[in-house]
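Contents: one structure, followed by commentary.
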Amino acid sequence: MALLVGDNGKVFSGNTEVADITSWTFETSVGGFSFSTSHTKGYTRRILGNKSGRGKFTFRVDTNEPPWEVLYEGCQTTLKLKLDSTRYYSVPAVIETLKFEVDTSGGKPIVGEATFVTDRAWTEPS
Amino acid sequence: MSIPFEELEGSPRFEVRDDETVAVRTFMVPWTLWPKFGRQLLGQYEIRGGQYHFVPPTGLDGFPHLLVSELIVEPLDPRSPSGAVPLTTVGRGTNDYTWGAKVTAIYRTRFDEQNASRTKLPTVPQGTYLTFRADVAAEYAATPGRTWRWNAPPDYPAVAPDVQPGLLRPQSLFHLTWHRVPMPPWDAMRALRGKVNASEFVGSPPGTVLFLGAKVRREFLFLASDPFWRVEYAFQENVKELETGGKVGWNHWYRETAVSGEHWVAIADEDGNPPYASADFSPLFSFGT
């Protein structure tokens, strides 16, 4: 058994690494609908529609590598979502939202969150 | 070739209206096979050995008078074109859908079986059918005043020559629409236009029905190889009753002086030809070549 841990997870937008990633998610799904016919004997069939995916990643803002120089809403890019140093999803995507959160108490870092949706086919980790 | 299909949920549906019954069935068929499935539903003629061979339409079980009159074809899942082979030229290929086509077949009442309620219609080849529609018509003829006398005793004076009593004779205009005709009889239509029936036709005595002509239009043009035509023949019926009870038509005219007690007398030119030649109308209801 070789469990993966996320400590080396990273996100690249094109060839540029998004600095100080704290987490990322990627959720894929398939569309479609259920129906029944003269042949389904009281059960339903399922039509498999198109595959799509969406996800988000969170980061801390580093002024040496500010995220707004890499990411903006509507940005079409290929995200590289790294599981570890060698395995990654390559995801053509559109950045949908960007969110920054500033907590003025206790010296907490400014954090941000970007959400994305897939744009065409992605490749799985090899 | 048997085409795989499934009838979708919610099918069939019926609407019974005051002038027709409409049934709607929806099917799931492979995308590339919907044209063949459509032909199966609609019926067709195939030419085998130079002869028309009728392939009957697929009826609706329990409702033999309903025939498919329209087809609507759309992707079963329009959001999911397979995209397996990208299109490069607009004129070649279309989207393909993995889950196939949804074919909606709309059946309508097109005829009553064996035309039981309108007898004496001409016989047409199997797979085609006739519908009958009638309308009103009239013939107006002005007669010279000398033909008449005032019905005023005791001396019953003559009607003055400058008074021309008119006769309005009710007639009938009727249409026989011949549906799903693979090859209309073009030559017969041309040859018989303007002629009257040589024998009883749709119950009317010889000489009383004039063939006015035909309106022709295409049916079911979605495939180039199975054209149908809809041929609408128009006839006008002109019946004059004789004193003997007989019935005459287009070639009889009102004569001032009765012949053998009849005022409706046939007319002809010097060669003995009547105004309207008579002919057998049955070629109008046989396929052309």
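Naming scheme: A, B, ... for chains in displayed order of the structure tokens; residues 1 onward per chain; ligands 1 onward as shown.
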If you run DSSP on the backbone, which residues of region 233-271 of chain B are strand (DSSP E), as a ChimeraX atom specification? /B:233-237,240-241,247-248,252-259,262-266
I need the chosen residues saved as a compact mmCIF listing (two decimals), in the first residue's frame, with N, CA and C atoms.
```
# COMPACT_ATOMS: atom_id res chain seq x y z
N TYR B 233 -57.55 15.92 -57.99
CA TYR B 233 -58.34 16.04 -59.20
C TYR B 233 -59.60 16.85 -58.90
N ALA B 234 -59.92 17.72 -59.82
CA ALA B 234 -61.15 18.52 -59.67
C ALA B 234 -62.14 18.13 -60.76
N PHE B 235 -63.37 17.92 -60.36
CA PHE B 235 -64.43 17.54 -61.29
C PHE B 235 -65.63 18.44 -61.05
N GLN B 236 -66.35 18.71 -62.08
CA GLN B 236 -67.60 19.45 -61.92
C GLN B 236 -68.74 18.60 -62.49
N GLU B 237 -69.76 18.47 -61.68
CA GLU B 237 -70.89 17.62 -62.05
C GLU B 237 -72.05 18.50 -62.51
N LYS B 240 -78.76 17.16 -65.54
CA LYS B 240 -80.07 17.69 -65.95
C LYS B 240 -81.03 16.51 -66.01
N GLU B 241 -82.12 16.67 -65.34
CA GLU B 241 -83.09 15.56 -65.29
C GLU B 241 -84.06 15.67 -66.46
N LYS B 247 -80.97 11.04 -66.75
CA LYS B 247 -80.10 12.17 -66.38
C LYS B 247 -79.05 12.37 -67.47
N VAL B 248 -78.92 13.61 -67.87
CA VAL B 248 -77.93 13.94 -68.87
C VAL B 248 -77.07 15.08 -68.32
N HIS B 252 -75.84 18.43 -73.15
CA HIS B 252 -77.26 18.69 -73.40
C HIS B 252 -77.55 20.15 -73.10
N TRP B 253 -78.36 20.73 -73.96
CA TRP B 253 -78.65 22.15 -73.82
C TRP B 253 -80.17 22.36 -73.88
N TYR B 254 -80.59 23.46 -73.36
CA TYR B 254 -82.03 23.72 -73.30
C TYR B 254 -82.53 24.15 -74.68
N ARG B 255 -83.54 23.44 -75.17
CA ARG B 255 -84.11 23.73 -76.49
C ARG B 255 -85.51 24.30 -76.29
N GLU B 256 -85.76 25.37 -77.05
CA GLU B 256 -87.06 26.04 -76.88
C GLU B 256 -88.20 25.08 -77.17
N THR B 257 -88.01 24.33 -78.22
CA THR B 257 -89.07 23.40 -78.62
C THR B 257 -88.65 21.99 -78.21
N ALA B 258 -89.50 21.36 -77.47
CA ALA B 258 -89.16 20.04 -76.96
C ALA B 258 -89.04 19.03 -78.10
N VAL B 259 -88.14 18.08 -77.90
CA VAL B 259 -87.99 16.94 -78.81
C VAL B 259 -88.41 15.71 -78.03
N GLU B 262 -88.82 16.34 -74.46
CA GLU B 262 -87.66 16.74 -73.65
C GLU B 262 -87.11 18.08 -74.14
N HIS B 263 -86.90 19.01 -73.22
CA HIS B 263 -86.27 20.27 -73.59
C HIS B 263 -84.75 20.19 -73.53
N TRP B 264 -84.20 19.25 -72.73
CA TRP B 264 -82.74 19.09 -72.68
C TRP B 264 -82.33 18.16 -73.81
N VAL B 265 -81.67 18.72 -74.79
CA VAL B 265 -81.35 17.97 -75.99
C VAL B 265 -79.85 18.07 -76.25
N ALA B 266 -79.27 16.97 -76.67
CA ALA B 266 -77.84 16.97 -76.96
C ALA B 266 -77.54 17.85 -78.15
```
Could you make a table, as a Markdown table, of the residues of chain A that have an atom within 6 Å of an atom of chain B, each with its nearest atom pair and distance in Å to one decimal, counting only C-alpha atoms, in chain and number order?
```
| residue | atom | partner | partner_atom | distance |
| --- | --- | --- | --- | --- |
| A:Ser36 | CA | B:Glu9 | CA | 5.5 |
| A:Thr37 | CA | B:Leu8 | CA | 4.4 |
| A:Ser38 | CA | B:Glu7 | CA | 5.1 |
| A:Gly49 | CA | B:Ser80 | CA | 5.6 |
| A:Asn50 | CA | B:Ser80 | CA | 5.9 |
```
Saved selection, atoms kept: N, CA and C atoms, as a PDB file, in the first residue's frame:
```pdb
ATOM      1  N   SER A  36     -37.128   5.763 -19.392  1.00  0.00           N
ATOM      2  CA  SER A  36     -37.537   4.375 -19.583  1.00  0.00           C
ATOM      3  C   SER A  36     -38.168   4.229 -20.955  1.00  0.00           C
ATOM      4  N   THR A  37     -38.186   3.011 -21.415  1.00  0.00           N
ATOM      5  CA  THR A  37     -38.695   2.744 -22.764  1.00  0.00           C
ATOM      6  C   THR A  37     -39.496   1.450 -22.761  1.00  0.00           C
ATOM      7  N   SER A  38     -39.903   1.091 -23.958  1.00  0.00           N
ATOM      8  CA  SER A  38     -40.617  -0.171 -24.144  1.00  0.00           C
ATOM      9  C   SER A  38     -39.746  -1.371 -23.805  1.00  0.00           C
ATOM     10  N   GLY A  49     -24.113  11.673 -20.559  1.00  0.00           N
ATOM     11  CA  GLY A  49     -23.890  12.900 -21.313  1.00  0.00           C
ATOM     12  C   GLY A  49     -22.421  13.251 -21.372  1.00  0.00           C
ATOM     13  N   ASN A  50     -22.159  14.509 -21.341  1.00  0.00           N
ATOM     14  CA  ASN A  50     -20.777  14.989 -21.454  1.00  0.00           C
ATOM     15  C   ASN A  50     -20.085  14.983 -20.091  1.00  0.00           C
TER      16      ASN A  50
END
```
Set the distance at 7 Å and use only C-alpha atoms: which residues neighbour region 56-70 of chain A once local chain neighbours fewer than 5 positions away are removed? I'd like the list as a list in words. Val18, Ala19, Asp20, Ile21, Thr22, Ser23, Trp24, Thr25, Phe26, Pro109, Ile110, Val111, Gly112, Glu113, Ala114, Thr115 and Phe116 of chain A
Do a neighbour search on Asn197 (chain B) at 12 Å with only C-alpha atoms, toss out local chain neighbours closer than 3 positions, and write the hits as a compact mmCIF listing (two decimals) with N, CA and C atoms, in the first residue's frame.
```
# COMPACT_ATOMS: atom_id res chain seq x y z
N LEU B 192 -57.11 13.83 -70.58
CA LEU B 192 -58.50 13.77 -70.13
C LEU B 192 -59.05 15.10 -69.65
N ARG B 193 -58.19 16.08 -69.51
CA ARG B 193 -58.66 17.38 -69.06
C ARG B 193 -59.70 17.92 -70.06
N GLY B 194 -60.84 18.33 -69.56
CA GLY B 194 -61.88 18.89 -70.42
C GLY B 194 -62.81 17.85 -71.01
N GLU B 200 -70.46 5.58 -65.79
CA GLU B 200 -70.77 6.11 -64.45
C GLU B 200 -69.47 6.38 -63.70
N PHE B 201 -69.43 7.52 -63.02
CA PHE B 201 -68.21 7.91 -62.32
C PHE B 201 -68.60 8.51 -60.97
N VAL B 202 -68.10 7.91 -59.89
CA VAL B 202 -68.44 8.34 -58.53
C VAL B 202 -69.96 8.47 -58.39
N GLY B 203 -70.67 7.53 -59.01
CA GLY B 203 -72.12 7.50 -58.88
C GLY B 203 -72.86 8.40 -59.85
N SER B 204 -72.13 9.16 -60.65
CA SER B 204 -72.79 10.09 -61.58
C SER B 204 -72.94 9.44 -62.95
N PRO B 205 -74.07 9.69 -63.60
CA PRO B 205 -74.32 9.06 -64.90
C PRO B 205 -73.33 9.53 -65.96
N PRO B 206 -73.19 8.78 -67.05
CA PRO B 206 -72.29 9.18 -68.13
C PRO B 206 -72.61 10.58 -68.63
N GLY B 207 -71.57 11.31 -68.95
CA GLY B 207 -71.74 12.63 -69.54
C GLY B 207 -71.99 13.75 -68.54
N THR B 208 -72.05 13.46 -67.27
CA THR B 208 -72.41 14.49 -66.29
C THR B 208 -71.22 15.03 -65.51
N VAL B 209 -70.05 14.37 -65.62
CA VAL B 209 -68.89 14.82 -64.83
C VAL B 209 -67.80 15.30 -65.78
N LEU B 210 -67.38 16.53 -65.59
CA LEU B 210 -66.34 17.13 -66.42
C LEU B 210 -65.04 17.15 -65.60
N PHE B 211 -63.97 16.64 -66.20
CA PHE B 211 -62.67 16.66 -65.53
C PHE B 211 -62.02 18.01 -65.77
N LEU B 212 -61.84 18.77 -64.69
CA LEU B 212 -61.31 20.12 -64.81
C LEU B 212 -59.79 20.16 -64.83
N PHE B 235 -63.37 17.92 -60.36
CA PHE B 235 -64.43 17.54 -61.29
C PHE B 235 -65.63 18.44 -61.05
N GLN B 236 -66.35 18.71 -62.08
CA GLN B 236 -67.60 19.45 -61.92
C GLN B 236 -68.74 18.60 -62.49
N GLU B 237 -69.76 18.47 -61.68
CA GLU B 237 -70.89 17.62 -62.05
C GLU B 237 -72.05 18.50 -62.51
N ASN B 238 -72.61 18.15 -63.63
CA ASN B 238 -73.70 18.94 -64.22
C ASN B 238 -74.78 17.94 -64.63
N VAL B 248 -78.92 13.61 -67.87
CA VAL B 248 -77.93 13.94 -68.87
C VAL B 248 -77.07 15.08 -68.32
N GLY B 249 -76.04 15.45 -69.09
CA GLY B 249 -75.10 16.41 -68.51
C GLY B 249 -74.62 17.48 -69.45
N TRP B 250 -73.29 17.55 -69.58
CA TRP B 250 -72.63 18.70 -70.18
C TRP B 250 -72.97 18.92 -71.65
N ASN B 251 -73.31 17.87 -72.38
CA ASN B 251 -73.55 18.02 -73.82
C ASN B 251 -75.02 18.24 -74.16
N TYR B 276 -68.24 18.42 -75.54
CA TYR B 276 -67.30 17.75 -74.64
C TYR B 276 -67.16 16.29 -75.07
N ALA B 277 -65.94 15.91 -75.43
CA ALA B 277 -65.71 14.50 -75.76
C ALA B 277 -65.79 13.68 -74.48
N SER B 278 -66.19 12.46 -74.61
CA SER B 278 -66.27 11.60 -73.43
C SER B 278 -65.09 10.64 -73.42
N ALA B 279 -64.75 10.21 -72.21
CA ALA B 279 -63.57 9.34 -72.07
C ALA B 279 -63.70 8.52 -70.79
N ASP B 280 -62.91 7.49 -70.76
CA ASP B 280 -62.82 6.64 -69.58
C ASP B 280 -61.87 7.32 -68.58
N PHE B 281 -62.33 7.57 -67.37
CA PHE B 281 -61.51 8.28 -66.38
C PHE B 281 -60.58 7.35 -65.59
N SER B 282 -60.71 6.06 -65.78
CA SER B 282 -59.91 5.16 -64.93
C SER B 282 -58.40 5.37 -65.08
N PRO B 283 -57.86 5.78 -66.24
CA PRO B 283 -56.40 6.01 -66.29
C PRO B 283 -55.93 7.10 -65.33
N LEU B 284 -56.83 7.93 -64.86
CA LEU B 284 -56.42 8.95 -63.88
C LEU B 284 -56.00 8.33 -62.56
```
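The residue that comes closest to Pro92 (chain A), out of A:Gly106, A:Ser13, A:Gly32, A:Asn8 and on the basis of only C-alpha atoms, is A:Ser13.
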